[in-house]
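Report on the structure given below.
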Amino acid sequence: MKILSVVGARPNFMKIAPLVHAINRYNEGRERGPGLIDHMLVHTGQHYDERMSAAFFDGLDIPRPDVDLGVGSGTHAQQVGQTMMALEPVFREARPDWVVVVGDVNATCAAAITAKKEHLKLAHIEAGLRSFDLEMPEEINRMVTDRLADLLLTPDALAGANLLREGAREETVRFVGNIMIDTLEMHRARAGQLKVGAILARNARMDGTTASRVATAGQLKRDPTLDDGFAVVTLHRPSNVDEPPVLRALTRFLVDEVASELPVIWPIHPRTLKKLDEMDLLGEVLGAPDVYLLDPVGYLEMLRLTLDARIMLTDSGGLQEECCVLGTPCLTLRFNTERPITLEENGGTCVLVGNDVGRIRAAFKRKLRDPRRPFRPLLWDGRTAERVVECLR
Ligand code: UD1
C-alpha cells in the first residue's frame, strides 16, 4: 500500500511525526512486498524558515521530505493555487492509494482539492473541528477538506457530531483521538529535562538590552523564572496582529500588566515580529523588563515552557490542546474556538477571552490563581497514529 502525506506549515509537523513513526513500526519485521506500507512525504513549503520548518523535522525525528515544493508565502489564493499546481504532477506520478492531510492550513486544503481532482482517496487527520467562523481561513480549509475526504479521522466526539450534522456518511467517520498528543507523550519526559534559562539564552532576540538582561539576570545558571513561575505568550492570528489598535492594546497589556505580575516569555511568530516592527512597538517589547522576546522555539522547548507555565496566553489551536492535557491554565485570545473540548465548561483548562483587554484582564486575574488541572479527553492517549494506520489499511 502506498500512502502519500502532505505537510506545509509548522502545526502540521507535530501531527505527521507520529504517523511516520507508526508506519515505520508497522513495517518493522515484515517481509518486503505488497504487505509493506510505502510512505512518501511531501512538504509544500508554506513555512520555510529554519525555525518554522527544518527545526521541527530534526526535533521530531521526521525524515527529510521526499519532495519539497518550496511554495513559500503569499496571499491565500497564491498559496493555495501554487500548491495545487505544484502538487498535481507529484500526485500524477506517485498515484498513491491514500493521500493523507492533517490539520487546517492552506497546504491541507490545496492538497485535498488536488487529490480528489486526481481521483485519489483522501484521508483527513483532525477532521470535524469547527469554529463556525468563516472569517478564519482555517475554517474554510477545514470545511472544504472534510467535504472531500473519504476518511474522516476525528480527534473527539464533538468533531464527529459536527460531521454527521453536515451530512457526512457515518461509515467515513472514525474516532481515532488526537494525534498531537502522541507527539506530546513521546517527548514530555525529554522536554522536562530542559532548563528554562537555557531556552531563554538560546532563543532570546538579542538587542543590547535583552542580551545583557538575559546574561546578568543569571538566567543561564539557574532558573529564576521557575521560582515564582512565568507566563507564556504566543500570537499570530491576523485578527490579533494585523490591526494596529488591537496589537497595540494587547502588547501594552502584556508589557505593563502581565509582566508586572510574573516574567513573560514570548516566542514570536515571524508575522507578529514584522507587525510589531511596522507599528513601532518592537522597541517597547524589547526594552520591557521581565519580557523575554524569543525567536520561534522548537517543539521540545515549547513543550518545556508549557509544562511549567503558570499561565498561557495564546491564539494557537494546538497549544490549547497541549495546555488542556498538561493542566496549564490557558487564556485563549480568540472569540471562538474549533476546539471546544479544551474549554473549562467541557472539563479543560482554556477560557475564551477574545482580544478585548478588559475581558482578558479579568480572566487573567482569575486564572492566575488556578491550580494545574490536567484533563485528558477520550482517546488522547498517545496511540492515535496506530489507529490511523489501522483505518488506512
Ligand atoms: C499558518 C496557518 C495557521 C497556523 C500557523 C502556524 C493558514 C491559513 N494558516 O499561518 O493556521 O496556525 O501557520 O504558524 O494556513 N513567514 C515567515 N517564515 C515562514 C513562514 C511564514 O517569515 O517560514 C511569515 C511571512 O511573512 C508570511 C507570514 O509569516 O507571509 C504568514 O505565513 P502564512 O503561512 O501565510 O500563515 P501563518 O500566519 O504562519
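Chain labels follow the order of the C-alpha cells: the first chain is A, the next B, and so on; residue numbering restarts at 1 in every chain, and ligands are counted from 1 in their shown order.
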Quiz prompt | Residues of range 127-371 of chain A in strand (DSSP E), written as a list in words | solution = Leu151, Leu152, Leu153, Thr154, Val173, Arg174, Phe175, Ala231, Val232, Val233, Thr234, Val264, Ile265, Trp266, Pro267, Val291, Tyr292, Leu293, Leu294, Ile311, Met312, Leu313, Thr314, Cys330, Leu331, Thr332, Cys350, Val351 and Leu352 of chain A
Exercise. Just the residues within 8 Å of range 259-271 of chain A, please, counting only C-alpha atoms, with nothing from its chain fewer than 3 positions along; format it as a PyMOL selection string.
Key: chain A and resi 225+228-236+254-256+274-275+289-297
Quiz prompt | Protein and nucleic acid residues within 7 Å of ligand 1 (only C-alpha atoms and all ligand atoms) as a list in words | solution =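 Answer in the requested format: Ala9, Arg10, Pro11, Gln46, His47, Tyr48, Asp49, Met52, Ser53, Ser73, Gly74, Thr75, His76, Asp104, Val105, Asn106, Ala107, Pro137, Glu138, His236, Arg237, His269, Pro270, Arg271, Ser316 and Gly317 of chain A.
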Practice problem: Find the residues around Arg373 in chain A up to 10 Å (only C-alpha atoms counted), leave out those fewer than 4 positions away in its own chain, and share them as a ChimeraX atom specification. | Solution: /A:323-329,347-349
Self-check item: Neighbour list for Glu171 in chain A as a ChimeraX atom specification, cut-off 12 Å, only C-alpha atoms, skip fewer than 2 positions in-chain
Solution: /A:150-153,160,163-164,167-169,173-175,391
Per DSSP on the backbone, what are the alpha helix (DSSP H) residues of range 204-333 of chain A, as a PDB file with N, CA and C atoms, in the first residue's frame?
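Generated file (selection02.pdb):
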ATOM      1  N   GLY A 208      20.878  44.892  22.530  1.00  0.00           N
ATOM      2  CA  GLY A 208      21.793  45.010  23.656  1.00  0.00           C
ATOM      3  C   GLY A 208      21.112  44.771  24.994  1.00  0.00           C
ATOM      4  N   THR A 209      19.928  45.366  25.163  1.00  0.00           N
ATOM      5  CA  THR A 209      19.244  45.265  26.455  1.00  0.00           C
ATOM      6  C   THR A 209      18.905  43.823  26.780  1.00  0.00           C
ATOM      7  N   THR A 210      18.322  43.149  25.790  1.00  0.00           N
ATOM      8  CA  THR A 210      17.888  41.781  26.069  1.00  0.00           C
ATOM      9  C   THR A 210      19.100  40.922  26.403  1.00  0.00           C
ATOM     10  N   ALA A 211      20.143  41.084  25.597  1.00  0.00           N
ATOM     11  CA  ALA A 211      21.320  40.252  25.802  1.00  0.00           C
ATOM     12  C   ALA A 211      21.856  40.435  27.215  1.00  0.00           C
ATOM     13  N   SER A 212      21.979  41.680  27.641  1.00  0.00           N
ATOM     14  CA  SER A 212      22.568  41.874  28.959  1.00  0.00           C
ATOM     15  C   SER A 212      21.593  41.421  30.040  1.00  0.00           C
ATOM     16  N   ARG A 213      20.299  41.618  29.774  1.00  0.00           N
ATOM     17  CA  ARG A 213      19.320  41.192  30.783  1.00  0.00           C
ATOM     18  C   ARG A 213      19.344  39.673  30.960  1.00  0.00           C
ATOM     19  N   VAL A 214      19.367  38.969  29.828  1.00  0.00           N
ATOM     20  CA  VAL A 214      19.380  37.509  29.912  1.00  0.00           C
ATOM     21  C   VAL A 214      20.633  37.060  30.647  1.00  0.00           C
ATOM     22  N   ALA A 215      21.754  37.682  30.316  1.00  0.00           N
ATOM     23  CA  ALA A 215      23.003  37.262  30.926  1.00  0.00           C
ATOM     24  C   ALA A 215      23.068  37.660  32.401  1.00  0.00           C
ATOM     25  N   THR A 216      22.796  38.949  32.672  1.00  0.00           N
ATOM     26  CA  THR A 216      23.015  39.401  34.056  1.00  0.00           C
ATOM     27  C   THR A 216      21.966  38.866  35.016  1.00  0.00           C
ATOM     28  N   PRO A 224      15.613  31.321  37.545  1.00  0.00           N
ATOM     29  CA  PRO A 224      14.856  32.170  38.459  1.00  0.00           C
ATOM     30  C   PRO A 224      13.395  32.276  38.034  1.00  0.00           C
ATOM     31  N   THR A 225      13.173  32.150  36.735  1.00  0.00           N
ATOM     32  CA  THR A 225      11.795  32.231  36.258  1.00  0.00           C
ATOM     33  C   THR A 225      10.931  31.151  36.889  1.00  0.00           C
ATOM     34  N   LEU A 226      11.584  30.050  37.262  1.00  0.00           N
ATOM     35  CA  LEU A 226      10.797  28.941  37.808  1.00  0.00           C
ATOM     36  C   LEU A 226      10.421  29.179  39.266  1.00  0.00           C
ATOM     37  N   ASP A 227      11.164  30.062  39.952  1.00  0.00           N
ATOM     38  CA  ASP A 227      10.903  30.248  41.376  1.00  0.00           C
ATOM     39  C   ASP A 227       9.464  30.704  41.608  1.00  0.00           C
ATOM     40  N   ASP A 228       9.066  31.721  40.858  1.00  0.00           N
ATOM     41  CA  ASP A 228       7.712  32.228  41.067  1.00  0.00           C
ATOM     42  C   ASP A 228       6.829  31.997  39.847  1.00  0.00           C
ATOM     43  N   PRO A 238      -4.206  36.738  12.227  1.00  0.00           N
ATOM     44  CA  PRO A 238      -4.410  38.066  11.642  1.00  0.00           C
ATOM     45  C   PRO A 238      -5.341  38.926  12.489  1.00  0.00           C
ATOM     46  N   SER A 239      -6.382  38.323  13.084  1.00  0.00           N
ATOM     47  CA  SER A 239      -7.346  39.117  13.860  1.00  0.00           C
ATOM     48  C   SER A 239      -6.692  39.759  15.091  1.00  0.00           C
ATOM     49  N   ASN A 240      -5.585  39.209  15.560  1.00  0.00           N
ATOM     50  CA  ASN A 240      -4.905  39.787  16.722  1.00  0.00           C
ATOM     51  C   ASN A 240      -3.716  40.662  16.352  1.00  0.00           C
ATOM     52  N   VAL A 241      -3.074  40.359  15.224  1.00  0.00           N
ATOM     53  CA  VAL A 241      -1.800  41.062  14.989  1.00  0.00           C
ATOM     54  C   VAL A 241      -1.814  42.027  13.805  1.00  0.00           C
ATOM     55  N   PRO A 244      -3.513  47.652  13.959  1.00  0.00           N
ATOM     56  CA  PRO A 244      -2.705  48.358  14.956  1.00  0.00           C
ATOM     57  C   PRO A 244      -3.390  48.563  16.310  1.00  0.00           C
ATOM     58  N   PRO A 245      -4.664  49.010  16.374  1.00  0.00           N
ATOM     59  CA  PRO A 245      -5.233  49.227  17.719  1.00  0.00           C
ATOM     60  C   PRO A 245      -5.280  47.939  18.541  1.00  0.00           C
ATOM     61  N   VAL A 246      -5.551  46.823  17.877  1.00  0.00           N
ATOM     62  CA  VAL A 246      -5.662  45.551  18.601  1.00  0.00           C
ATOM     63  C   VAL A 246      -4.289  45.112  19.101  1.00  0.00           C
ATOM     64  N   LEU A 247      -3.308  45.092  18.207  1.00  0.00           N
ATOM     65  CA  LEU A 247      -1.985  44.619  18.622  1.00  0.00           C
ATOM     66  C   LEU A 247      -1.367  45.565  19.659  1.00  0.00           C
ATOM     67  N   ARG A 248      -1.615  46.858  19.496  1.00  0.00           N
ATOM     68  CA  ARG A 248      -1.065  47.821  20.458  1.00  0.00           C
ATOM     69  C   ARG A 248      -1.658  47.564  21.858  1.00  0.00           C
ATOM     70  N   ALA A 249      -2.979  47.390  21.912  1.00  0.00           N
ATOM     71  CA  ALA A 249      -3.623  47.168  23.215  1.00  0.00           C
ATOM     72  C   ALA A 249      -3.141  45.853  23.844  1.00  0.00           C
ATOM     73  N   LEU A 250      -3.036  44.814  23.027  1.00  0.00           N
ATOM     74  CA  LEU A 250      -2.587  43.526  23.574  1.00  0.00           C
ATOM     75  C   LEU A 250      -1.152  43.629  24.071  1.00  0.00           C
ATOM     76  N   THR A 251      -0.308  44.279  23.272  1.00  0.00           N
ATOM     77  CA  THR A 251       1.108  44.380  23.639  1.00  0.00           C
ATOM     78  C   THR A 251       1.267  45.165  24.935  1.00  0.00           C
ATOM     79  N   ARG A 252       0.541  46.293  25.039  1.00  0.00           N
ATOM     80  CA  ARG A 252       0.666  47.122  26.254  1.00  0.00           C
ATOM     81  C   ARG A 252       0.184  46.341  27.472  1.00  0.00           C
ATOM     82  N   ALA A 259       3.447  41.412  32.765  1.00  0.00           N
ATOM     83  CA  ALA A 259       4.859  41.361  33.181  1.00  0.00           C
ATOM     84  C   ALA A 259       5.067  41.956  34.575  1.00  0.00           C
ATOM     85  N   SER A 260       4.112  42.722  35.085  1.00  0.00           N
ATOM     86  CA  SER A 260       4.301  43.216  36.450  1.00  0.00           C
ATOM     87  C   SER A 260       3.920  42.130  37.463  1.00  0.00           C
ATOM     88  N   GLU A 261       3.231  41.120  37.023  1.00  0.00           N
ATOM     89  CA  GLU A 261       2.887  40.001  37.920  1.00  0.00           C
ATOM     90  C   GLU A 261       3.941  38.895  37.881  1.00  0.00           C
ATOM     91  N   PRO A 270       7.037  34.963  12.932  1.00  0.00           N
ATOM     92  CA  PRO A 270       7.631  35.964  12.038  1.00  0.00           C
ATOM     93  C   PRO A 270       6.645  37.060  11.624  1.00  0.00           C
ATOM     94  N   ARG A 271       5.403  36.671  11.420  1.00  0.00           N
ATOM     95  CA  ARG A 271       4.394  37.657  11.029  1.00  0.00           C
ATOM     96  C   ARG A 271       4.206  38.706  12.136  1.00  0.00           C
ATOM     97  N   THR A 272       4.148  38.251  13.376  1.00  0.00           N
ATOM     98  CA  THR A 272       3.921  39.156  14.504  1.00  0.00           C
ATOM     99  C   THR A 272       5.127  40.070  14.719  1.00  0.00           C
ATOM    100  N   LEU A 273       6.301  39.505  14.533  1.00  0.00           N
ATOM    101  CA  LEU A 273       7.518  40.316  14.675  1.00  0.00           C
ATOM    102  C   LEU A 273       7.501  41.470  13.671  1.00  0.00           C
ATOM    103  N   LYS A 274       7.116  41.105  12.441  1.00  0.00           N
ATOM    104  CA  LYS A 274       7.063  42.121  11.384  1.00  0.00           C
ATOM    105  C   LYS A 274       6.051  43.210  11.737  1.00  0.00           C
ATOM    106  N   LYS A 275       4.913  42.798  12.258  1.00  0.00           N
ATOM    107  CA  LYS A 275       3.862  43.768  12.597  1.00  0.00           C
ATOM    108  C   LYS A 275       4.292  44.658  13.767  1.00  0.00           C
ATOM    109  N   LEU A 276       4.911  44.064  14.788  1.00  0.00           N
ATOM    110  CA  LEU A 276       5.378  44.875  15.927  1.00  0.00           C
ATOM    111  C   LEU A 276       6.346  45.939  15.432  1.00  0.00           C
ATOM    112  N   ASP A 277       7.198  45.528  14.510  1.00  0.00           N
ATOM    113  CA  ASP A 277       8.190  46.453  13.973  1.00  0.00           C
ATOM    114  C   ASP A 277       7.496  47.571  13.185  1.00  0.00           C
ATOM    115  N   GLU A 278       6.590  47.182  12.291  1.00  0.00           N
ATOM    116  CA  GLU A 278       5.871  48.175  11.471  1.00  0.00           C
ATOM    117  C   GLU A 278       5.089  49.154  12.341  1.00  0.00           C
ATOM    118  N   LEU A 282       8.047  47.277  18.654  1.00  0.00           N
ATOM    119  CA  LEU A 282       9.100  46.305  18.954  1.00  0.00           C
ATOM    120  C   LEU A 282      10.038  46.817  20.044  1.00  0.00           C
ATOM    121  N   GLY A 283      10.388  48.090  19.969  1.00  0.00           N
ATOM    122  CA  GLY A 283      11.288  48.671  20.960  1.00  0.00           C
ATOM    123  C   GLY A 283      10.722  48.543  22.368  1.00  0.00           C
ATOM    124  N   GLU A 284       9.410  48.803  22.493  1.00  0.00           N
ATOM    125  CA  GLU A 284       8.774  48.711  23.812  1.00  0.00           C
ATOM    126  C   GLU A 284       8.878  47.301  24.381  1.00  0.00           C
ATOM    127  N   VAL A 285       8.685  46.335  23.495  1.00  0.00           N
ATOM    128  CA  VAL A 285       8.700  44.954  23.973  1.00  0.00           C
ATOM    129  C   VAL A 285      10.125  44.557  24.346  1.00  0.00           C
ATOM    130  N   LEU A 286      11.073  44.887  23.481  1.00  0.00           N
ATOM    131  CA  LEU A 286      12.458  44.504  23.750  1.00  0.00           C
ATOM    132  C   LEU A 286      13.003  45.199  24.990  1.00  0.00           C
ATOM    133  N   GLY A 287      12.512  46.409  25.239  1.00  0.00           N
ATOM    134  CA  GLY A 287      13.029  47.166  26.366  1.00  0.00           C
ATOM    135  C   GLY A 287      12.333  46.856  27.686  1.00  0.00           C
ATOM    136  N   TYR A 299       9.966  22.397  19.050  1.00  0.00           N
ATOM    137  CA  TYR A 299       8.857  21.692  19.699  1.00  0.00           C
ATOM    138  C   TYR A 299       9.162  21.363  21.156  1.00  0.00           C
ATOM    139  N   LEU A 300      10.338  20.787  21.392  1.00  0.00           N
ATOM    140  CA  LEU A 300      10.682  20.377  22.764  1.00  0.00           C
ATOM    141  C   LEU A 300      10.727  21.575  23.696  1.00  0.00           C
ATOM    142  N   GLU A 301      11.291  22.674  23.189  1.00  0.00           N
ATOM    143  CA  GLU A 301      11.404  23.873  24.018  1.00  0.00           C
ATOM    144  C   GLU A 301      10.022  24.433  24.351  1.00  0.00           C
ATOM    145  N   MET A 302       9.145  24.435  23.373  1.00  0.00           N
ATOM    146  CA  MET A 302       7.796  24.954  23.631  1.00  0.00           C
ATOM    147  C   MET A 302       7.070  24.057  24.632  1.00  0.00           C
ATOM    148  N   LEU A 303       7.275  22.764  24.478  1.00  0.00           N
ATOM    149  CA  LEU A 303       6.636  21.826  25.409  1.00  0.00           C
ATOM    150  C   LEU A 303       7.178  22.062  26.824  1.00  0.00           C
ATOM    151  N   ARG A 304       8.486  22.301  26.921  1.00  0.00           N
ATOM    152  CA  ARG A 304       9.097  22.592  28.230  1.00  0.00           C
ATOM    153  C   ARG A 304       8.434  23.810  28.872  1.00  0.00           C
ATOM    154  N   LEU A 305       8.238  24.846  28.058  1.00  0.00           N
ATOM    155  CA  LEU A 305       7.635  26.072  28.596  1.00  0.00           C
ATOM    156  C   LEU A 305       6.185  25.813  29.019  1.00  0.00           C
ATOM    157  N   THR A 306       5.470  25.051  28.217  1.00  0.00           N
ATOM    158  CA  THR A 306       4.052  24.792  28.518  1.00  0.00           C
ATOM    159  C   THR A 306       3.906  23.927  29.773  1.00  0.00           C
ATOM    160  N   LEU A 307       4.845  22.998  29.951  1.00  0.00           N
ATOM    161  CA  LEU A 307       4.790  22.102  31.114  1.00  0.00           C
ATOM    162  C   LEU A 307       4.753  22.885  32.420  1.00  0.00           C
ATOM    163  N   ASP A 308       5.482  24.013  32.470  1.00  0.00           N
ATOM    164  CA  ASP A 308       5.614  24.719  33.738  1.00  0.00           C
ATOM    165  C   ASP A 308       5.055  26.118  33.760  1.00  0.00           C
ATOM    166  N   GLY A 317      -4.167  27.023  18.101  1.00  0.00           N
ATOM    167  CA  GLY A 317      -5.091  25.909  18.338  1.00  0.00           C
ATOM    168  C   GLY A 317      -4.409  24.780  19.085  1.00  0.00           C
ATOM    169  N   GLY A 318      -3.221  24.410  18.624  1.00  0.00           N
ATOM    170  CA  GLY A 318      -2.519  23.274  19.212  1.00  0.00           C
ATOM    171  C   GLY A 318      -2.163  23.504  20.671  1.00  0.00           C
ATOM    172  N   LEU A 319      -1.741  24.711  20.996  1.00  0.00           N
ATOM    173  CA  LEU A 319      -1.354  24.976  22.394  1.00  0.00           C
ATOM    174  C   LEU A 319      -2.539  24.847  23.340  1.00  0.00           C
ATOM    175  N   GLN A 320      -3.734  25.182  22.860  1.00  0.00           N
ATOM    176  CA  GLN A 320      -4.918  24.994  23.707  1.00  0.00           C
ATOM    177  C   GLN A 320      -5.035  23.527  24.118  1.00  0.00           C
ATOM    178  N   GLU A 321      -4.777  22.639  23.157  1.00  0.00           N
ATOM    179  CA  GLU A 321      -4.911  21.207  23.436  1.00  0.00           C
ATOM    180  C   GLU A 321      -3.807  20.727  24.366  1.00  0.00           C
ATOM    181  N   GLU A 322      -2.598  21.240  24.133  1.00  0.00           N
ATOM    182  CA  GLU A 322      -1.483  20.823  24.980  1.00  0.00           C
ATOM    183  C   GLU A 322      -1.679  21.320  26.413  1.00  0.00           C
ATOM    184  N   CYS A 323      -2.162  22.559  26.554  1.00  0.00           N
ATOM    185  CA  CYS A 323      -2.436  23.091  27.894  1.00  0.00           C
ATOM    186  C   CYS A 323      -3.466  22.229  28.612  1.00  0.00           C
ATOM    187  N   CYS A 324      -4.449  21.802  27.872  1.00  0.00           N
ATOM    188  CA  CYS A 324      -5.535  21.008  28.432  1.00  0.00           C
ATOM    189  C   CYS A 324      -4.975  19.714  29.046  1.00  0.00           C
ATOM    190  N   VAL A 325      -4.165  19.008  28.288  1.00  0.00           N
ATOM    191  CA  VAL A 325      -3.624  17.732  28.768  1.00  0.00           C
ATOM    192  C   VAL A 325      -2.618  17.948  29.898  1.00  0.00           C
ATOM    193  N   LEU A 326      -1.860  19.040  29.825  1.00  0.00           N
ATOM    194  CA  LEU A 326      -0.831  19.287  30.842  1.00  0.00           C
ATOM    195  C   LEU A 326      -1.395  20.037  32.055  1.00  0.00           C
TER     196      LEU A 326
END
Quiz item: For Leu148 in chain A, which of A:Phe132, A:Arg165, A:Lys117, A:Ile37 is the closest residue, counting only C-alpha atoms?
Solution: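 Selected residue with least distance to Leu148 in chain A: A:Lys117.
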Exercise. Find the residue from A:Val6, A:Ala17, A:Met1, A:Met84 that sits nearest to Leu36 in chain A; use only C-alpha atoms when measuring.
Key: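 Of A:Val6, A:Ala17, A:Met1, A:Met84, the one nearest Leu36 in chain A, counting only C-alpha atoms, is A:Met1.
Between Gly59 in chain A and the candidates A:Thr145, A:Thr342, A:Thr83, A:Thr183, the tightest atom-to-atom separation, counting only C-alpha atoms, involves A:Thr183.
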